[in-house]
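Asks: One structure is given below, represented as structure tokens, and several questions about it will come after.
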Amino acid sequence: MIADLQCVVLDCPDPGQLAEFYRSLLGGAVNQQDRRWALGEDWATLHTPSGLVLAFQQAADYQPPQWPDSARPQQFHLDFGVPDLDRAHEQVLSLGATMLDAGPDGRGWRIYADLAGHPFCLIRH
């Protein structure tokens with residue numbers, strides 16, 4: 001092993017707002033003190049209960065992905081396991097997520113976009 005994953009960083013127009021969106025989805029602490037990062041208006045973090053750290057970095061002239069348009073690809077996405085897909089669907093929409101693909105009835109996952117346009121999936125586990 002050469003390294004360990006410190007965090008996943010997402011570009012966005014408003015780091016604090018996106019950190020709060022993911023805190024509402026995953027729990028945890030926004031902008032918890034951490035010697036690895038300096039916090040500010042252009043950088044926010046979320047330390048999740050599972051130990052994963054997400055970071056949000058302000059990007060000038062941010063252009064969100066346009067799923068599934070390959071001209072502005074998603075580049076990566078996050079998958080979140082949920083016990084009740086319908087309930088989680090309502091919850092993420094109430095937080096401001098946008099439905100991208102509901103899929104056919106009975107499919108065990110759905111695709112959404114966060115407040116900055118990053119795709120993520122809710123997957124029934």
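Note on naming: chains are A, B, ... as they come in the structure tokens, residues start from 1 per chain, ligands start from 1 in the order shown.
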So that I can check the surroundings of A:His89, please list as a PDB file with N, CA, C and O atoms, in the first residue's frame every protein, DNA and RNA residue that reaches within 12 Å of it, counting only C-alpha atoms and ignoring chain neighbours fewer than 4 positions away.

Replies:
```pdb
ATOM      1  N   LEU A  25     -27.959  14.192   4.436  1.00  0.00           N
ATOM      2  CA  LEU A  25     -28.083  12.865   3.839  1.00  0.00           C
ATOM      3  C   LEU A  25     -27.344  11.800   4.642  1.00  0.00           C
ATOM      4  O   LEU A  25     -27.874  10.716   4.877  1.00  0.00           O
ATOM      5  N   PHE A  80     -24.988   5.611  -2.419  1.00  0.00           N
ATOM      6  CA  PHE A  80     -25.389   5.552  -1.013  1.00  0.00           C
ATOM      7  C   PHE A  80     -26.406   4.433  -0.833  1.00  0.00           C
ATOM      8  O   PHE A  80     -27.444   4.422  -1.505  1.00  0.00           O
ATOM      9  N   GLY A  81     -26.117   3.495   0.081  1.00  0.00           N
ATOM     10  CA  GLY A  81     -27.042   2.414   0.388  1.00  0.00           C
ATOM     11  C   GLY A  81     -28.134   2.892   1.318  1.00  0.00           C
ATOM     12  O   GLY A  81     -27.861   3.608   2.280  1.00  0.00           O
ATOM     13  N   VAL A  82     -29.372   2.494   1.027  1.00  0.00           N
ATOM     14  CA  VAL A  82     -30.522   2.871   1.852  1.00  0.00           C
ATOM     15  C   VAL A  82     -31.416   1.649   2.052  1.00  0.00           C
ATOM     16  O   VAL A  82     -31.544   0.812   1.155  1.00  0.00           O
ATOM     17  N   PRO A  83     -32.054   1.541   3.225  1.00  0.00           N
ATOM     18  CA  PRO A  83     -32.951   0.403   3.448  1.00  0.00           C
ATOM     19  C   PRO A  83     -34.299   0.562   2.752  1.00  0.00           C
ATOM     20  O   PRO A  83     -34.917  -0.422   2.363  1.00  0.00           O
ATOM     21  N   ASP A  84     -34.780   1.791   2.574  1.00  0.00           N
ATOM     22  CA  ASP A  84     -36.092   2.049   1.975  1.00  0.00           C
ATOM     23  C   ASP A  84     -35.916   3.084   0.871  1.00  0.00           C
ATOM     24  O   ASP A  84     -35.793   4.282   1.138  1.00  0.00           O
ATOM     25  N   LEU A  85     -35.914   2.621  -0.361  1.00  0.00           N
ATOM     26  CA  LEU A  85     -35.627   3.490  -1.502  1.00  0.00           C
ATOM     27  C   LEU A  85     -36.681   4.585  -1.672  1.00  0.00           C
ATOM     28  O   LEU A  85     -36.343   5.740  -1.940  1.00  0.00           O
ATOM     29  N   LEU A  93     -35.150  14.505  -2.157  1.00  0.00           N
ATOM     30  CA  LEU A  93     -35.835  15.555  -2.909  1.00  0.00           C
ATOM     31  C   LEU A  93     -36.166  16.734  -2.004  1.00  0.00           C
ATOM     32  O   LEU A  93     -36.038  17.893  -2.408  1.00  0.00           O
ATOM     33  N   SER A  94     -36.555  16.457  -0.759  1.00  0.00           N
ATOM     34  CA  SER A  94     -36.869  17.551   0.167  1.00  0.00           C
ATOM     35  C   SER A  94     -35.635  18.356   0.541  1.00  0.00           C
ATOM     36  O   SER A  94     -35.749  19.508   0.943  1.00  0.00           O
ATOM     37  N   LEU A  95     -34.452  17.762   0.392  1.00  0.00           N
ATOM     38  CA  LEU A  95     -33.201  18.474   0.659  1.00  0.00           C
ATOM     39  C   LEU A  95     -32.754  19.318  -0.534  1.00  0.00           C
ATOM     40  O   LEU A  95     -31.804  20.083  -0.431  1.00  0.00           O
ATOM     41  N   GLY A  96     -33.424  19.134  -1.673  1.00  0.00           N
ATOM     42  CA  GLY A  96     -33.075  19.912  -2.856  1.00  0.00           C
ATOM     43  C   GLY A  96     -32.447  19.119  -3.978  1.00  0.00           C
ATOM     44  O   GLY A  96     -32.072  19.690  -5.003  1.00  0.00           O
ATOM     45  N   ALA A  97     -32.304  17.798  -3.820  1.00  0.00           N
ATOM     46  CA  ALA A  97     -31.760  16.965  -4.895  1.00  0.00           C
ATOM     47  C   ALA A  97     -32.723  16.969  -6.080  1.00  0.00           C
ATOM     48  O   ALA A  97     -33.919  17.227  -5.922  1.00  0.00           O
ATOM     49  N   THR A  98     -32.194  16.662  -7.243  1.00  0.00           N
ATOM     50  CA  THR A  98     -32.979  16.573  -8.464  1.00  0.00           C
ATOM     51  C   THR A  98     -32.949  15.139  -8.972  1.00  0.00           C
ATOM     52  O   THR A  98     -31.874  14.537  -9.047  1.00  0.00           O
ATOM     53  N   MET A  99     -34.101  14.608  -9.321  1.00  0.00           N
ATOM     54  CA  MET A  99     -34.175  13.269  -9.898  1.00  0.00           C
ATOM     55  C   MET A  99     -33.640  13.304 -11.319  1.00  0.00           C
ATOM     56  O   MET A  99     -34.057  14.150 -12.121  1.00  0.00           O
ATOM     57  N   LEU A 100     -32.694  12.410 -11.628  1.00  0.00           N
ATOM     58  CA  LEU A 100     -32.171  12.303 -12.990  1.00  0.00           C
ATOM     59  C   LEU A 100     -32.724  11.083 -13.711  1.00  0.00           C
ATOM     60  O   LEU A 100     -32.990  11.132 -14.903  1.00  0.00           O
ATOM     61  N   ASP A 101     -32.863   9.959 -12.972  1.00  0.00           N
ATOM     62  CA  ASP A 101     -33.315   8.715 -13.600  1.00  0.00           C
ATOM     63  C   ASP A 101     -33.949   7.827 -12.542  1.00  0.00           C
ATOM     64  O   ASP A 101     -33.256   7.317 -11.670  1.00  0.00           O
ATOM     65  N   ALA A 102     -35.267   7.642 -12.633  1.00  0.00           N
ATOM     66  CA  ALA A 102     -35.979   6.774 -11.691  1.00  0.00           C
ATOM     67  C   ALA A 102     -35.855   5.311 -12.084  1.00  0.00           C
ATOM     68  O   ALA A 102     -36.012   4.434 -11.243  1.00  0.00           O
ATOM     69  N   GLY A 108     -33.521  -1.497  -8.261  1.00  0.00           N
ATOM     70  CA  GLY A 108     -33.045  -1.258  -6.905  1.00  0.00           C
ATOM     71  C   GLY A 108     -32.220  -0.005  -6.713  1.00  0.00           C
ATOM     72  O   GLY A 108     -31.607   0.156  -5.659  1.00  0.00           O
ATOM     73  N   TRP A 109     -32.171   0.885  -7.688  1.00  0.00           N
ATOM     74  CA  TRP A 109     -31.397   2.117  -7.546  1.00  0.00           C
ATOM     75  C   TRP A 109     -31.993   3.224  -8.405  1.00  0.00           C
ATOM     76  O   TRP A 109     -32.677   2.964  -9.379  1.00  0.00           O
ATOM     77  N   ARG A 110     -31.706   4.466  -7.978  1.00  0.00           N
ATOM     78  CA  ARG A 110     -32.166   5.663  -8.680  1.00  0.00           C
ATOM     79  C   ARG A 110     -31.035   6.683  -8.715  1.00  0.00           C
ATOM     80  O   ARG A 110     -30.200   6.707  -7.809  1.00  0.00           O
ATOM     81  N   ILE A 111     -31.067   7.524  -9.728  1.00  0.00           N
ATOM     82  CA  ILE A 111     -29.985   8.492  -9.922  1.00  0.00           C
ATOM     83  C   ILE A 111     -30.524   9.900  -9.685  1.00  0.00           C
ATOM     84  O   ILE A 111     -31.587  10.268 -10.193  1.00  0.00           O
ATOM     85  N   TYR A 112     -29.741  10.689  -8.937  1.00  0.00           N
ATOM     86  CA  TYR A 112     -30.097  12.057  -8.566  1.00  0.00           C
ATOM     87  C   TYR A 112     -28.918  12.971  -8.834  1.00  0.00           C
ATOM     88  O   TYR A 112     -27.800  12.519  -9.070  1.00  0.00           O
ATOM     89  N   ALA A 113     -29.161  14.271  -8.733  1.00  0.00           N
ATOM     90  CA  ALA A 113     -28.089  15.267  -8.739  1.00  0.00           C
ATOM     91  C   ALA A 113     -28.178  16.044  -7.440  1.00  0.00           C
ATOM     92  O   ALA A 113     -29.273  16.351  -6.955  1.00  0.00           O
ATOM     93  N   PHE A 120     -25.489  11.319  -8.009  1.00  0.00           N
ATOM     94  CA  PHE A 120     -25.318  10.306  -6.963  1.00  0.00           C
ATOM     95  C   PHE A 120     -26.471   9.331  -7.063  1.00  0.00           C
ATOM     96  O   PHE A 120     -27.522   9.642  -7.628  1.00  0.00           O
ATOM     97  N   CYS A 121     -26.245   8.131  -6.559  1.00  0.00           N
ATOM     98  CA  CYS A 121     -27.263   7.087  -6.602  1.00  0.00           C
ATOM     99  C   CYS A 121     -27.696   6.694  -5.197  1.00  0.00           C
ATOM    100  O   CYS A 121     -26.864   6.618  -4.295  1.00  0.00           O
ATOM    101  N   LEU A 122     -28.976   6.406  -5.067  1.00  0.00           N
ATOM    102  CA  LEU A 122     -29.492   5.733  -3.877  1.00  0.00           C
ATOM    103  C   LEU A 122     -29.730   4.288  -4.297  1.00  0.00           C
ATOM    104  O   LEU A 122     -30.374   4.033  -5.323  1.00  0.00           O
ATOM    105  N   ILE A 123     -29.182   3.363  -3.507  1.00  0.00           N
ATOM    106  CA  ILE A 123     -29.235   1.936  -3.846  1.00  0.00           C
ATOM    107  C   ILE A 123     -29.858   1.184  -2.681  1.00  0.00           C
ATOM    108  O   ILE A 123     -29.382   1.300  -1.538  1.00  0.00           O
ATOM    109  N   ARG A 124     -30.922   0.444  -2.949  1.00  0.00           N
ATOM    110  CA  ARG A 124     -31.560  -0.362  -1.902  1.00  0.00           C
ATOM    111  C   ARG A 124     -30.599  -1.470  -1.474  1.00  0.00           C
ATOM    112  O   ARG A 124     -30.020  -2.167  -2.300  1.00  0.00           O
TER     113      ARG A 124
END
```

Asks: Based on DSSP run over this structure's backbone, return all residues of stretch 10-119 of chain A in alpha helix (DSSP H), as a VMD selection string.

Replies: chain A and resid 15 to 26 85 to 94

Asks: Go ahead and save the residues from that selection, with C-alpha atoms, as a PDB file, in the first residue's frame.

Replies:
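result34.pdb was written with the following content:
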```
ATOM      1  CA  PRO A  15     -18.988  24.647  -0.410  1.00  0.00           C
ATOM      2  CA  GLY A  16     -20.902  25.312   2.818  1.00  0.00           C
ATOM      3  CA  GLN A  17     -24.284  24.708   1.227  1.00  0.00           C
ATOM      4  CA  LEU A  18     -23.186  21.436  -0.386  1.00  0.00           C
ATOM      5  CA  ALA A  19     -21.562  20.239   2.870  1.00  0.00           C
ATOM      6  CA  GLU A  20     -24.893  20.827   4.660  1.00  0.00           C
ATOM      7  CA  PHE A  21     -26.769  18.925   1.925  1.00  0.00           C
ATOM      8  CA  TYR A  22     -24.544  15.872   2.409  1.00  0.00           C
ATOM      9  CA  ARG A  23     -24.683  16.211   6.217  1.00  0.00           C
ATOM     10  CA  SER A  24     -28.470  15.982   5.973  1.00  0.00           C
ATOM     11  CA  LEU A  25     -28.083  12.865   3.839  1.00  0.00           C
ATOM     12  CA  LEU A  26     -25.248  11.099   5.708  1.00  0.00           C
ATOM     13  CA  LEU A  85     -35.627   3.490  -1.502  1.00  0.00           C
ATOM     14  CA  ASP A  86     -39.005   5.261  -1.644  1.00  0.00           C
ATOM     15  CA  ARG A  87     -38.511   6.957   1.721  1.00  0.00           C
ATOM     16  CA  ALA A  88     -34.938   7.998   0.867  1.00  0.00           C
ATOM     17  CA  HIS A  89     -36.209   9.324  -2.480  1.00  0.00           C
ATOM     18  CA  GLU A  90     -38.633  11.684  -0.734  1.00  0.00           C
ATOM     19  CA  GLN A  91     -35.988  12.745   1.767  1.00  0.00           C
ATOM     20  CA  VAL A  92     -33.309  13.678  -0.785  1.00  0.00           C
ATOM     21  CA  LEU A  93     -35.835  15.555  -2.909  1.00  0.00           C
ATOM     22  CA  SER A  94     -36.869  17.551   0.167  1.00  0.00           C
TER      23      SER A  94
END
```

Asks: Taking the DSSP assignment computed from this structure's backbone, write out as a count of residues only all residues of stretch 6-84 of chain A that belong to strand (DSSP E or B).

Replies: 24

Asks: Please identify all polymer residues within 9 Å of A:His47, counting only C-alpha atoms, omitting same-chain residues fewer than 6 positions from it, and present them as a PyMOL selection string.

Replies: chain A and resi 23+27-32+53-55

Asks: Output N, CA and C atoms for every residue in the selection just made, as a PDB file, in the first residue's frame.

Replies:
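Here's the written file out_34.pdb:
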```pdb
ATOM      1  N   ARG A  23     -24.507  16.492   4.791  1.00  0.00           N
ATOM      2  CA  ARG A  23     -24.683  16.211   6.217  1.00  0.00           C
ATOM      3  C   ARG A  23     -26.110  15.753   6.472  1.00  0.00           C
ATOM      4  N   GLY A  27     -25.377  12.402   7.776  1.00  0.00           N
ATOM      5  CA  GLY A  27     -25.028  12.683   9.167  1.00  0.00           C
ATOM      6  C   GLY A  27     -23.599  13.181   9.246  1.00  0.00           C
ATOM      7  N   GLY A  28     -23.129  13.413  10.454  1.00  0.00           N
ATOM      8  CA  GLY A  28     -21.747  13.833  10.631  1.00  0.00           C
ATOM      9  C   GLY A  28     -21.612  15.291  11.015  1.00  0.00           C
ATOM     10  N   ALA A  29     -20.395  15.780  10.878  1.00  0.00           N
ATOM     11  CA  ALA A  29     -20.063  17.140  11.318  1.00  0.00           C
ATOM     12  C   ALA A  29     -19.466  17.940  10.164  1.00  0.00           C
ATOM     13  N   VAL A  30     -20.063  19.091   9.918  1.00  0.00           N
ATOM     14  CA  VAL A  30     -19.536  20.011   8.899  1.00  0.00           C
ATOM     15  C   VAL A  30     -18.444  20.856   9.531  1.00  0.00           C
ATOM     16  N   ASN A  31     -17.347  20.980   8.817  1.00  0.00           N
ATOM     17  CA  ASN A  31     -16.214  21.827   9.201  1.00  0.00           C
ATOM     18  C   ASN A  31     -15.667  21.514  10.594  1.00  0.00           C
ATOM     19  N   GLN A  32     -15.603  20.228  10.898  1.00  0.00           N
ATOM     20  CA  GLN A  32     -14.935  19.771  12.125  1.00  0.00           C
ATOM     21  C   GLN A  32     -13.460  20.123  12.014  1.00  0.00           C
ATOM     22  N   VAL A  53     -14.529  11.173   4.801  1.00  0.00           N
ATOM     23  CA  VAL A  53     -14.528  12.632   4.784  1.00  0.00           C
ATOM     24  C   VAL A  53     -14.787  13.085   3.351  1.00  0.00           C
ATOM     25  N   LEU A  54     -15.805  13.918   3.206  1.00  0.00           N
ATOM     26  CA  LEU A  54     -16.055  14.585   1.933  1.00  0.00           C
ATOM     27  C   LEU A  54     -15.618  16.027   2.085  1.00  0.00           C
ATOM     28  N   ALA A  55     -14.992  16.567   1.045  1.00  0.00           N
ATOM     29  CA  ALA A  55     -14.592  17.971   1.055  1.00  0.00           C
ATOM     30  C   ALA A  55     -15.233  18.644  -0.155  1.00  0.00           C
TER      31      ALA A  55
END
```

Asks: Between A:Trp43, A:Pro49, A:Asp14, A:Asp114, which one has atoms that come closest to A:Leu78, using only C-alpha atoms?

Replies: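 Between A:Trp43, A:Pro49, A:Asp14, A:Asp114, the residue approaching A:Leu78 most closely is A:Asp114.
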
Asks: Please list as a ChimeraX atom specification every residue within 8 Å of A:Pro65, counting only C-alpha atoms and excluding residues in the same chain fewer than 4 positions away.

Replies: /A:69,72-75,117-119

Asks: Would you compute the distance between atom CA of A:Tyr62 and atom CA of A:His77? Give it in Å to one decimal.

Replies: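 We find that atom CA of A:Tyr62 and atom CA of A:His77 lie 16.7 Å from each other.
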
Asks: What is the distance, in Å and to one decimal place, between atom CA of A:Val9 and atom CA of A:Gly103?

Replies: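 Atom CA of A:Gly103 lies 27.8 Å from atom CA of A:Val9.
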